[in-house]
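Each remark here refers to the structure printed beneath this line.
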Amino acid sequence: QVQLVESGGGLVQPGGSLRLSCVVSGTTLDKYAVAWFRQAPGKEREGVSCIGITDGRTYYADSVKGRFTISRDIAKSTVYLQMNSLKPEDTAAYYCAASDLYLYSSSWSNLYEYDYWGQGAQVTVSS
């Protein structure tokens, strides 16, 4: 059974940084694409970033390009989301999700492409 566990959320001031981690167990990272989604109160869950199977191709939402970086350590079975220059509008619950599909720029942000989800980590950006 594939399981995902997020960590690293918290409260940070605008302009600050946080790094989220997603530990994947029950499989190896090279068999799954892993993405980060977020959901703010009253809003739909949206794709933030994804790192693909095999070639590790990365995708980002326009709202986070240049500020967030996704990476993975296959040996540690962990995917990271480094978040810099955080804004109040980045406040949300962040979820990691895994898919065994080869995802493209047109599909990575579709939450229905993912079979496994973590429990979420809260990120609050506020002064």
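Naming works like this for the structure tokens: A, B, ... for the chains as they're shown, residue 1 at the start of each chain, ligands 1 onward in shown order.
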
Nearby residues (only C-alpha atoms) at most 9 Å from Tyr95 of chain A, same-chain spacing under 6 positions excluded, as a list of chain:residue names: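 These residues fall inside the cut-off: A:Val5, A:Glu6, A:Cys22, A:Ala35, A:Trp36, A:Phe37, A:Arg38, A:Gln39, A:Trp117, A:Gly118, A:Gln119, A:Gly120, A:Ala121, A:Gln122.
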
Export of prior selection with N, CA and C atoms as an mmCIF file, in the first residue's frame:
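Listing of selection28.cif after writing:
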```
data_model
loop_
_atom_site.group_PDB
_atom_site.id
_atom_site.type_symbol
_atom_site.label_atom_id
_atom_site.label_comp_id
_atom_site.auth_asym_id
_atom_site.auth_seq_id
_atom_site.Cartn_x
_atom_site.Cartn_y
_atom_site.Cartn_z
ATOM 1 N N VAL A 5 3.295 10.931 3.544
ATOM 2 C CA VAL A 5 3.226 11.696 4.775
ATOM 3 C C VAL A 5 3.960 13.017 4.585
ATOM 4 N N GLU A 6 3.208 14.126 4.741
ATOM 5 C CA GLU A 6 3.804 15.453 4.600
ATOM 6 C C GLU A 6 4.305 15.975 5.946
ATOM 7 N N CYS A 22 7.599 15.297 1.626
ATOM 8 C CA CYS A 22 6.604 14.242 1.436
ATOM 9 C C CYS A 22 7.355 12.920 1.354
ATOM 10 N N ALA A 35 3.065 15.046 -6.900
ATOM 11 C CA ALA A 35 2.686 16.453 -7.032
ATOM 12 C C ALA A 35 2.315 17.043 -5.686
ATOM 13 N N TRP A 36 2.366 18.359 -5.654
ATOM 14 C CA TRP A 36 1.854 19.110 -4.508
ATOM 15 C C TRP A 36 0.613 19.869 -4.957
ATOM 16 N N PHE A 37 -0.443 19.741 -4.176
ATOM 17 C CA PHE A 37 -1.664 20.498 -4.362
ATOM 18 C C PHE A 37 -1.875 21.349 -3.112
ATOM 19 N N ARG A 38 -2.734 22.338 -3.234
ATOM 20 C CA ARG A 38 -3.088 23.118 -2.045
ATOM 21 C C ARG A 38 -4.560 23.485 -2.107
ATOM 22 N N GLN A 39 -5.103 23.699 -0.924
ATOM 23 C CA GLN A 39 -6.509 24.066 -0.836
ATOM 24 C C GLN A 39 -6.697 25.077 0.284
ATOM 25 N N TRP A 117 -2.899 10.008 -1.688
ATOM 26 C CA TRP A 117 -2.811 11.350 -1.123
ATOM 27 C C TRP A 117 -2.298 11.298 0.306
ATOM 28 N N GLY A 118 -1.584 12.350 0.694
ATOM 29 C CA GLY A 118 -1.186 12.512 2.076
ATOM 30 C C GLY A 118 -2.292 13.197 2.871
ATOM 31 N N GLN A 119 -2.026 13.395 4.144
ATOM 32 C CA GLN A 119 -3.050 13.955 5.041
ATOM 33 C C GLN A 119 -3.061 15.478 5.049
ATOM 34 N N GLY A 120 -2.028 16.091 4.499
ATOM 35 C CA GLY A 120 -1.992 17.546 4.406
ATOM 36 C C GLY A 120 -1.121 18.202 5.456
ATOM 37 N N ALA A 121 -0.553 19.358 5.099
ATOM 38 C CA ALA A 121 0.249 20.157 6.018
ATOM 39 C C ALA A 121 -0.174 21.610 5.859
ATOM 40 N N GLN A 122 -0.463 22.266 6.967
ATOM 41 C CA GLN A 122 -0.941 23.644 6.907
ATOM 42 C C GLN A 122 0.218 24.614 6.752
#
```

Nearby residues (only C-alpha atoms) at most 10 Å from Ala75 of chain A, same-chain spacing under 6 positions excluded, as JSON, numbers by chain: {"A": [28, 29, 30]}

Would you save the residues from that selection as a PDB file, in the first residue's frame, using N, CA, C and O atoms?
```pdb
ATOM      1  N   THR A  28       8.693   2.664  -4.727  1.00  0.00           N
ATOM      2  CA  THR A  28       9.882   3.479  -4.964  1.00  0.00           C
ATOM      3  C   THR A  28       9.491   4.693  -5.790  1.00  0.00           C
ATOM      4  O   THR A  28       8.604   4.626  -6.647  1.00  0.00           O
ATOM      5  N   LEU A  29      10.170   5.799  -5.528  1.00  0.00           N
ATOM      6  CA  LEU A  29       9.798   7.070  -6.139  1.00  0.00           C
ATOM      7  C   LEU A  29       9.913   7.065  -7.653  1.00  0.00           C
ATOM      8  O   LEU A  29       9.198   7.816  -8.320  1.00  0.00           O
ATOM      9  N   ASP A  30      10.800   6.244  -8.190  1.00  0.00           N
ATOM     10  CA  ASP A  30      10.990   6.276  -9.642  1.00  0.00           C
ATOM     11  C   ASP A  30       9.817   5.647 -10.390  1.00  0.00           C
ATOM     12  O   ASP A  30       9.795   5.661 -11.627  1.00  0.00           O
TER      13      ASP A  30
END
```

Nearest residue to Ile51 of chain A from the set A:Leu103, A:Val23, A:Leu111, A:Tyr94 (distances using only C-alpha atoms):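 Smallest separation from Ile51 of chain A among the options: A:Leu103.
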
Secondary structure check, helix (DSSP H, G or I) residues of chain A, as a PyMOL selection string: chain A and resi 29-31+88-90+111-113
